[in-house]
Amino acid sequence: MADISTNFLGIKSPNPYWLASAPPTDKKVNVLRAFEAGWGGVVWKTLGSQVKNVSSRYSAVNFNGTRVMGFNNIELISDRPLNINLKEIKEVLKEFPDRAMIVSLMADNTKESWHELIKKVEDTGAHGIELNFGCPHGMTERGMGAAVGQDPVIAKMVVEWVMEAAHIPVITKLTPNVHSVVPTGIAVVEAGTNALSLINTIQSVTGIDLDTFVPNPYVAGKSVFGGYCGPAVKPIALKFLATISQNEITNKVPISGIGGISTWKDAVEFMLLGSTSLQVCTAVMKHGFRIIEDLCEGLNNWMDEKGFATIYDFIGRSVPTLTHWEDLDINYHHVAHINQDKCIHCGLCYIACEDASHQSISLTYGKPYNTYAIKEEECVGCNLCQLMCPVENCITMVEQRVAPEYVNWKEWQKRGLPLNDH
């Protein structure tokens, strides 16, 4: 079988899957059960000054019969005493020395506070620390969390403080609550961080109770913006990850990918865009620790099928395929094709194309059912019909060219070539 073990800044783990800093990594009993199930590592829930959490704390977005498409929380960092957390970290390390133990930190905004907290964590034997520059609620009002990650100057200053004291690898966790993660990423890499992790949660309102008129989650008649995560944020996480992997400064350090990873396919996508390790939270909160078995088995089988011996054979392979719109091939074209043997005559493709796209599907009324066909001369290859079709591989996109040569938009304009609907 393929080797799915990882070496992240010298921190070794039997697989790339780590539990993200969150409730599943808040206690020794949880982390031990996770390691017994097979997780490769954990990022211990963020340690810092003592806090008091509220109740309730979570809300979710369901979609089309699927529960928890997106997950929202207004929970703060660990509300357990620091000395208990440190004691339990040390105890877990004794039982599972072969697993990655990263500790998330959010110290008060002084150099002395960071140095003191780092010293205490290093004394546990932890393998690395993750700087929480992303928490979008509660801590921001104190000038911490996302308030640091949103300001490259402050983020750079804090990382410089940290690097003065740290003797173990430092990972800086970036907030997605910005237009671009690259400026802060560049700042903290220049300040000396050893790695980056992203994304943290996205500020959100998941919904409003139509009886009480209070957004979720409900706290004595009030609510606040929370941190959004889960499968719904994966496309955003992949975009931010790709921008870090494309930048010539930020791509010099390893990346731990976070944001909606629920399956081994999700994991592969993150690695193809540059992640070396993968952090999971919402999927565990929904399905439990045992999903690690499917995550590892699926990754192993896919690697064997593709002929990859280690994860390093494909990490970042998809990054060069992301380009600018102006560089795309204008002469490349798709035309939809409907397999009449698989068609169930539901008409969803026709409705979508007729009402919301390019009127490229013909309808022939009949008994006992209607039939649909592509008007090839009208089809712009937008994929909408394929996306709407409920039958796998009933509608396929057939590759075509309107001209043999590659021409991008810039060249198209330079030559003064005629424009048309395609």
# chains A, B, ... in the order shown; residues from 1 in each chain; ligands from 1
call {"tool": "residues_around", "arguments": {"residues": "segment 164-174 of chain A", "least_positions_apart": "4", "cutoff": "7 Å", "atoms": "only C-alpha atoms", "output": "ChimeraX atom specification"}}
result
/A:9,115,118,127-134,149,160,181,193-200
call {"tool": "write_last_selection", "arguments": {"atoms": "C-alpha atoms", "output": "PDB file, in the first residue's frame"}}
result
ATOM      1  CA  LEU A   9       8.537  20.470   9.925  1.00  0.00           C
ATOM      2  CA  HIS A 115       6.996  34.217  25.908  1.00  0.00           C
ATOM      3  CA  ILE A 118       5.285  29.373  24.930  1.00  0.00           C
ATOM      4  CA  HIS A 127       5.960  19.034  19.004  1.00  0.00           C
ATOM      5  CA  GLY A 128       4.789  22.408  17.746  1.00  0.00           C
ATOM      6  CA  ILE A 129       2.557  25.415  18.363  1.00  0.00           C
ATOM      7  CA  GLU A 130      -0.141  27.005  16.234  1.00  0.00           C
ATOM      8  CA  LEU A 131      -0.810  30.725  16.587  1.00  0.00           C
ATOM      9  CA  ASN A 132      -4.546  31.410  16.512  1.00  0.00           C
ATOM     10  CA  PHE A 133      -4.817  34.556  14.382  1.00  0.00           C
ATOM     11  CA  GLY A 134      -8.271  33.670  13.190  1.00  0.00           C
ATOM     12  CA  GLY A 149      -4.759  38.137  11.537  1.00  0.00           C
ATOM     13  CA  GLU A 160       8.508  38.118  15.770  1.00  0.00           C
ATOM     14  CA  VAL A 181      -4.883  36.002   3.080  1.00  0.00           C
ATOM     15  CA  THR A 193       6.920  31.495  11.042  1.00  0.00           C
ATOM     16  CA  ASN A 194       7.830  27.950  10.084  1.00  0.00           C
ATOM     17  CA  ALA A 195       4.473  27.087   8.501  1.00  0.00           C
ATOM     18  CA  LEU A 196       0.969  28.332   7.787  1.00  0.00           C
ATOM     19  CA  SER A 197      -2.458  26.848   8.428  1.00  0.00           C
ATOM     20  CA  LEU A 198      -5.738  27.977   6.884  1.00  0.00           C
ATOM     21  CA  ILE A 199      -8.563  28.692   6.974  1.00  0.00           C
ATOM     22  CA  ASN A 200     -10.042  29.571  10.324  1.00  0.00           C
TER      23      ASN A 200
END
call {"tool": "select_by_dssp", "arguments": {"residues": "segment 291-418 of chain A", "states": "alpha helix (DSSP H)", "output": "number ranges by chain"}}
result
A: 291-306, 348-356, 384-388, 409-415
call {"tool": "residues_around", "arguments": {"residues": "Glu297 of chain A", "least_positions_apart": "3", "cutoff": "12 Å", "atoms": "only C-alpha atoms", "output": "PyMOL selection string"}}
result
chain A and resi 1-4+15+38+263-265+290-294+300-304
call {"tool": "atom_distance", "arguments": {"atom1": "atom CA of Cys394 of chain A", "atom2": "atom CA of Cys346 of chain A"}}
result
11.9 Å
call {"tool": "residues_around", "arguments": {"residues": "segment 269-276 of chain A", "least_positions_apart": "5", "cutoff": "6 Å", "atoms": "only C-alpha atoms", "output": "list of chain:residue names"}}
result
A:Ala242, A:Ser245, A:Ile255, A:Ser256, A:Gly257, A:Ile315, A:Gly316, A:Arg317, A:Ser318, A:Val319
call {"tool": "write_last_selection", "arguments": {"atoms": "N, CA and C atoms", "output": "compact mmCIF listing (two decimals), in the first residue's frame"}}
result
# COMPACT_ATOMS: atom_id res chain seq x y z
N ALA A 242 -5.07 28.08 -2.40
CA ALA A 242 -4.41 28.21 -3.69
C ALA A 242 -3.62 29.52 -3.80
N SER A 245 -0.43 29.05 -2.01
CA SER A 245 0.47 28.14 -2.74
C SER A 245 1.05 28.79 -3.99
N ILE A 255 2.16 23.95 4.47
CA ILE A 255 0.81 24.42 4.78
C ILE A 255 -0.02 23.29 5.37
N SER A 256 -0.77 23.63 6.41
CA SER A 256 -1.75 22.70 6.97
C SER A 256 -3.13 23.19 6.53
N GLY A 257 -3.84 22.37 5.78
CA GLY A 257 -5.11 22.78 5.19
C GLY A 257 -6.30 22.51 6.09
N ILE A 315 1.47 16.39 -3.88
CA ILE A 315 1.17 17.65 -3.20
C ILE A 315 1.49 18.84 -4.11
N GLY A 316 0.51 19.72 -4.29
CA GLY A 316 0.70 20.92 -5.09
C GLY A 316 0.57 20.73 -6.58
N ARG A 317 0.23 19.52 -7.03
CA ARG A 317 0.22 19.26 -8.47
C ARG A 317 -0.82 20.11 -9.22
N SER A 318 -1.89 20.51 -8.56
CA SER A 318 -2.94 21.27 -9.25
C SER A 318 -2.69 22.77 -9.25
N VAL A 319 -1.72 23.23 -8.48
CA VAL A 319 -1.50 24.68 -8.36
C VAL A 319 -1.20 25.34 -9.72
call {"tool": "residues_around", "arguments": {"residues": "Ile89 of chain A", "least_positions_apart": "3", "cutoff": "7 Å", "atoms": "only C-alpha atoms", "output": "ChimeraX atom specification"}}
result
/A:28,85-86,92-93,124
call {"tool": "write_last_selection", "arguments": {"atoms": "N, CA and C atoms", "output": "short mmCIF file (atom, residue, chain, number, x, y, z; two decimals), in the first residue's frame"}}
result
data_model
loop_
_atom_site.label_atom_id
_atom_site.label_comp_id
_atom_site.auth_asym_id
_atom_site.auth_seq_id
_atom_site.Cartn_x
_atom_site.Cartn_y
_atom_site.Cartn_z
N LYS A 28 -8.00 15.45 27.53
CA LYS A 28 -7.21 14.24 27.39
C LYS A 28 -8.06 13.06 26.95
N ASN A 85 -4.87 21.72 31.31
CA ASN A 85 -4.57 21.44 29.90
C ASN A 85 -3.12 21.02 29.71
N LEU A 86 -2.20 21.74 30.32
CA LEU A 86 -0.77 21.43 30.16
C LEU A 86 -0.45 20.05 30.73
N VAL A 92 -0.80 12.75 27.50
CA VAL A 92 -1.13 12.17 26.20
C VAL A 92 0.14 11.86 25.41
N LEU A 93 1.11 12.74 25.48
CA LEU A 93 2.37 12.53 24.76
C LEU A 93 3.10 11.28 25.23
N THR A 124 5.82 20.85 28.15
CA THR A 124 5.01 19.62 28.06
C THR A 124 5.62 18.60 27.12
#
call {"tool": "residues_around", "arguments": {"residues": "segment 56-70 of chain A", "least_positions_apart": "4", "cutoff": "9 Å", "atoms": "only C-alpha atoms", "output": "PyMOL selection string"}}
result
chain A and resi 74-75+206-207+216-219+226+228-233+260+282+286
call {"tool": "residues_around", "arguments": {"residues": "Gln50 of chain A", "least_positions_apart": "2", "cutoff": "8 Å", "atoms": "only C-alpha atoms", "output": "ChimeraX atom specification"}}
result
/A:48,52,78-82
call {"tool": "closest_residue", "arguments": {"among": "A:Asn383, A:Gln340, A:Asn247, A:Thr396", "to": "Ser360 of chain A", "atoms": "only C-alpha atoms"}}
result
A:Asn383
call {"tool": "atom_distance", "arguments": {"atom1": "atom CA of Gly298 of chain A", "atom2": "atom CA of Val284 of chain A"}}
result
16.5 Å
call {"tool": "select_by_dssp", "arguments": {"residues": "segment 147-352 of chain A", "states": "strand (DSSP E or B)", "output": "PyMOL selection string"}}
result
chain A and resi 170-173+195-198+202-204+208+215+219+222+226-229+255-258+275-280+310+332-338
call {"tool": "write_last_selection", "arguments": {"atoms": "N, CA and C atoms", "output": "CSV table (one decimal), in the first residue's frame"}}
result
chain,number,residue,atom,x,y,z
A,170,VAL,N,6.7,26.6,14.6
A,170,VAL,CA,5.6,27.5,14.8
A,170,VAL,C,4.8,27.5,13.5
A,171,ILE,N,3.5,27.3,13.7
A,171,ILE,CA,2.5,27.4,12.6
A,171,ILE,C,1.6,28.6,12.8
A,172,THR,N,1.4,29.4,11.9
A,172,THR,CA,0.5,30.6,12.0
A,172,THR,C,-0.8,30.3,11.3
A,173,LYS,N,-1.9,30.4,12.0
A,173,LYS,CA,-3.2,30.1,11.4
A,173,LYS,C,-3.9,31.4,11.0
A,195,ALA,N,5.5,27.6,9.3
A,195,ALA,CA,4.5,27.1,8.5
A,195,ALA,C,3.2,27.9,8.6
A,196,LEU,N,2.3,27.7,7.8
A,196,LEU,CA,1.0,28.3,7.8
A,196,LEU,C,-0.1,27.3,7.9
A,197,SER,N,-1.3,27.7,8.5
A,197,SER,CA,-2.5,26.8,8.4
A,197,SER,C,-3.6,27.7,8.1
A,198,LEU,N,-4.6,27.2,7.3
A,198,LEU,CA,-5.7,28.0,6.9
A,198,LEU,C,-6.8,27.0,6.3
A,202,ILE,N,-15.3,31.5,9.3
A,202,ILE,CA,-15.7,32.7,8.6
A,202,ILE,C,-16.9,33.4,9.3
A,203,GLN,N,-16.8,34.6,9.6
A,203,GLN,CA,-17.9,35.3,10.3
A,203,GLN,C,-19.2,35.1,9.5
A,204,SER,N,-20.3,34.8,10.3
A,204,SER,CA,-21.5,34.5,9.7
A,204,SER,C,-22.7,34.6,10.6
A,208,ILE,N,-32.2,32.9,11.3
A,208,ILE,CA,-33.0,33.7,12.3
A,208,ILE,C,-34.2,32.9,12.7
A,215,PRO,N,-31.3,35.8,15.8
A,215,PRO,CA,-30.4,34.9,15.0
A,215,PRO,C,-29.9,33.8,15.9
A,219,VAL,N,-28.8,33.3,22.8
A,219,VAL,CA,-28.3,33.5,24.2
A,219,VAL,C,-29.1,34.6,24.9
A,222,LYS,N,-30.4,37.3,22.6
A,222,LYS,CA,-29.4,37.9,21.8
A,222,LYS,C,-28.5,36.9,21.1
A,226,GLY,N,-21.0,34.5,14.3
A,226,GLY,CA,-20.2,33.4,14.7
A,226,GLY,C,-19.2,33.0,13.7
A,227,GLY,N,-18.5,31.9,13.9
A,227,GLY,CA,-17.5,31.3,13.0
A,227,GLY,C,-18.1,30.2,12.2
A,228,TYR,N,-18.1,30.3,10.9
A,228,TYR,CA,-18.7,29.3,10.0
A,228,TYR,C,-17.7,28.4,9.5
A,229,CYS,N,-18.1,27.1,9.4
A,229,CYS,CA,-17.1,26.0,9.0
A,229,CYS,C,-18.0,24.9,8.4
A,255,ILE,N,2.2,23.9,4.5
A,255,ILE,CA,0.8,24.4,4.8
A,255,ILE,C,0.0,23.3,5.4
A,256,SER,N,-0.8,23.6,6.4
A,256,SER,CA,-1.7,22.7,7.0
A,256,SER,C,-3.1,23.2,6.5
A,257,GLY,N,-3.8,22.4,5.8
A,257,GLY,CA,-5.1,22.8,5.2
A,257,GLY,C,-6.3,22.5,6.1
A,258,ILE,N,-7.2,23.5,6.2
A,258,ILE,CA,-8.4,23.4,7.0
A,258,ILE,C,-9.6,24.0,6.3
A,275,SER,N,-1.4,21.5,0.5
A,275,SER,CA,-1.4,21.1,1.9
A,275,SER,C,-0.6,19.9,2.1
A,276,THR,N,0.2,19.9,3.2
A,276,THR,CA,1.0,18.7,3.6
A,276,THR,C,0.2,18.0,4.7
A,277,SER,N,-0.4,18.7,5.6
A,277,SER,CA,-1.2,18.1,6.7
A,277,SER,C,-2.6,18.6,6.5
A,278,LEU,N,-3.6,17.9,7.1
A,278,LEU,CA,-5.0,18.3,7.0
A,278,LEU,C,-5.7,18.3,8.3
A,279,GLN,N,-6.4,19.3,8.6
A,279,GLN,CA,-7.1,19.4,9.9
A,279,GLN,C,-8.6,19.3,9.7
A,280,VAL,N,-9.2,18.5,10.6
A,280,VAL,CA,-10.6,18.2,10.5
A,280,VAL,C,-11.3,18.5,11.8
A,310,THR,N,4.1,8.1,-2.1
A,310,THR,CA,3.9,8.9,-0.9
A,310,THR,C,3.1,10.1,-1.3
A,332,TYR,N,-11.2,26.9,-27.2
A,332,TYR,CA,-11.6,25.6,-26.6
A,332,TYR,C,-13.1,25.7,-26.3
A,333,HIS,N,-13.8,24.6,-26.6
A,333,HIS,CA,-15.3,24.6,-26.5
A,333,HIS,C,-15.8,23.3,-26.1
A,334,HIS,N,-16.9,23.3,-25.3
A,334,HIS,CA,-17.7,22.1,-24.9
A,334,HIS,C,-19.1,22.2,-25.6
A,335,VAL,N,-19.6,21.0,-25.9
A,335,VAL,CA,-21.0,20.9,-26.3
A,335,VAL,C,-21.6,19.8,-25.5
A,336,ALA,N,-22.8,20.0,-24.9
A,336,ALA,CA,-23.5,19.0,-24.1
A,336,ALA,C,-24.0,17.9,-25.0
A,337,HIS,N,-24.1,16.7,-24.4
A,337,HIS,CA,-24.7,15.6,-25.1
A,337,HIS,C,-25.6,14.8,-24.1
A,338,ILE,N,-26.8,14.5,-24.5
A,338,ILE,CA,-27.7,13.8,-23.7
A,338,ILE,C,-27.8,12.3,-24.1
call {"tool": "atom_distance", "arguments": {"atom1": "atom CA of Ile102 of chain A", "atom2": "atom CA of Val43 of chain A"}}
result
4.5 Å
call {"tool": "closest_residue", "arguments": {"among": "A:Leu105, A:Ala220, A:Met388, A:Ile11", "to": "Thr46 of chain A", "atoms": "only C-alpha atoms"}}
result
A:Leu105
call {"tool": "decode", "arguments": {"residues": "segment 298-352 of chain A", "atoms": "C-alpha atoms", "output": "PDB file, in the first residue's frame"}}
result
ATOM      1  CA  GLY A 298      -9.769   6.090   0.699  1.00  0.00           C
ATOM      2  CA  LEU A 299      -6.496   8.011   0.451  1.00  0.00           C
ATOM      3  CA  ASN A 300      -4.489   4.775   0.365  1.00  0.00           C
ATOM      4  CA  ASN A 301      -6.633   3.247  -2.362  1.00  0.00           C
ATOM      5  CA  TRP A 302      -6.569   6.390  -4.509  1.00  0.00           C
ATOM      6  CA  MET A 303      -2.798   6.662  -4.248  1.00  0.00           C
ATOM      7  CA  ASP A 304      -2.383   3.001  -5.187  1.00  0.00           C
ATOM      8  CA  GLU A 305      -4.677   3.486  -8.178  1.00  0.00           C
ATOM      9  CA  LYS A 306      -2.726   6.524  -9.362  1.00  0.00           C
ATOM     10  CA  GLY A 307       0.677   4.984  -8.667  1.00  0.00           C
ATOM     11  CA  PHE A 308       1.748   7.459  -5.990  1.00  0.00           C
ATOM     12  CA  ALA A 309       4.125   6.002  -3.422  1.00  0.00           C
ATOM     13  CA  THR A 310       3.937   8.894  -0.932  1.00  0.00           C
ATOM     14  CA  ILE A 311       1.768  11.971  -0.495  1.00  0.00           C
ATOM     15  CA  TYR A 312       4.718  14.115  -1.582  1.00  0.00           C
ATOM     16  CA  ASP A 313       4.337  12.705  -5.109  1.00  0.00           C
ATOM     17  CA  PHE A 314       1.206  14.780  -5.705  1.00  0.00           C
ATOM     18  CA  ILE A 315       1.167  17.653  -3.196  1.00  0.00           C
ATOM     19  CA  GLY A 316       0.704  20.918  -5.090  1.00  0.00           C
ATOM     20  CA  ARG A 317       0.217  19.258  -8.470  1.00  0.00           C
ATOM     21  CA  SER A 318      -2.940  21.274  -9.246  1.00  0.00           C
ATOM     22  CA  VAL A 319      -1.498  24.681  -8.364  1.00  0.00           C
ATOM     23  CA  PRO A 320      -0.037  25.440 -11.848  1.00  0.00           C
ATOM     24  CA  THR A 321      -3.402  24.729 -13.496  1.00  0.00           C
ATOM     25  CA  LEU A 322      -4.992  27.755 -11.807  1.00  0.00           C
ATOM     26  CA  THR A 323      -4.358  30.752 -14.026  1.00  0.00           C
ATOM     27  CA  HIS A 324      -5.908  34.133 -14.880  1.00  0.00           C
ATOM     28  CA  TRP A 325      -9.119  34.379 -16.885  1.00  0.00           C
ATOM     29  CA  GLU A 326      -7.296  36.352 -19.597  1.00  0.00           C
ATOM     30  CA  ASP A 327      -5.008  33.343 -20.187  1.00  0.00           C
ATOM     31  CA  LEU A 328      -7.785  30.818 -20.862  1.00  0.00           C
ATOM     32  CA  ASP A 329      -8.148  29.329 -24.353  1.00  0.00           C
ATOM     33  CA  ILE A 330     -10.924  31.145 -26.232  1.00  0.00           C
ATOM     34  CA  ASN A 331     -10.884  28.509 -28.966  1.00  0.00           C
ATOM     35  CA  TYR A 332     -11.609  25.623 -26.592  1.00  0.00           C
ATOM     36  CA  HIS A 333     -15.266  24.624 -26.498  1.00  0.00           C
ATOM     37  CA  HIS A 334     -17.676  22.138 -24.930  1.00  0.00           C
ATOM     38  CA  VAL A 335     -21.010  20.917 -26.279  1.00  0.00           C
ATOM     39  CA  ALA A 336     -23.481  19.026 -24.112  1.00  0.00           C
ATOM     40  CA  HIS A 337     -24.713  15.568 -25.096  1.00  0.00           C
ATOM     41  CA  ILE A 338     -27.750  13.768 -23.656  1.00  0.00           C
ATOM     42  CA  ASN A 339     -27.642   9.974 -23.481  1.00  0.00           C
ATOM     43  CA  GLN A 340     -31.220   9.095 -24.346  1.00  0.00           C
ATOM     44  CA  ASP A 341     -30.850   5.589 -22.896  1.00  0.00           C
ATOM     45  CA  LYS A 342     -30.125   7.070 -19.448  1.00  0.00           C
ATOM     46  CA  CYS A 343     -32.536  10.008 -19.613  1.00  0.00           C
ATOM     47  CA  ILE A 344     -35.466   9.798 -17.177  1.00  0.00           C
ATOM     48  CA  HIS A 345     -37.312  12.612 -18.973  1.00  0.00           C
ATOM     49  CA  CYS A 346     -37.567  14.818 -15.893  1.00  0.00           C
ATOM     50  CA  GLY A 347     -37.035  18.001 -17.882  1.00  0.00           C
ATOM     51  CA  LEU A 348     -34.754  19.629 -15.320  1.00  0.00           C
ATOM     52  CA  CYS A 349     -32.078  20.288 -17.937  1.00  0.00           C
ATOM     53  CA  TYR A 350     -34.603  21.939 -20.248  1.00  0.00           C
ATOM     54  CA  ILE A 351     -36.045  24.175 -17.525  1.00  0.00           C
ATOM     55  CA  ALA A 352     -32.579  25.303 -16.417  1.00  0.00           C
TER      56      ALA A 352
END
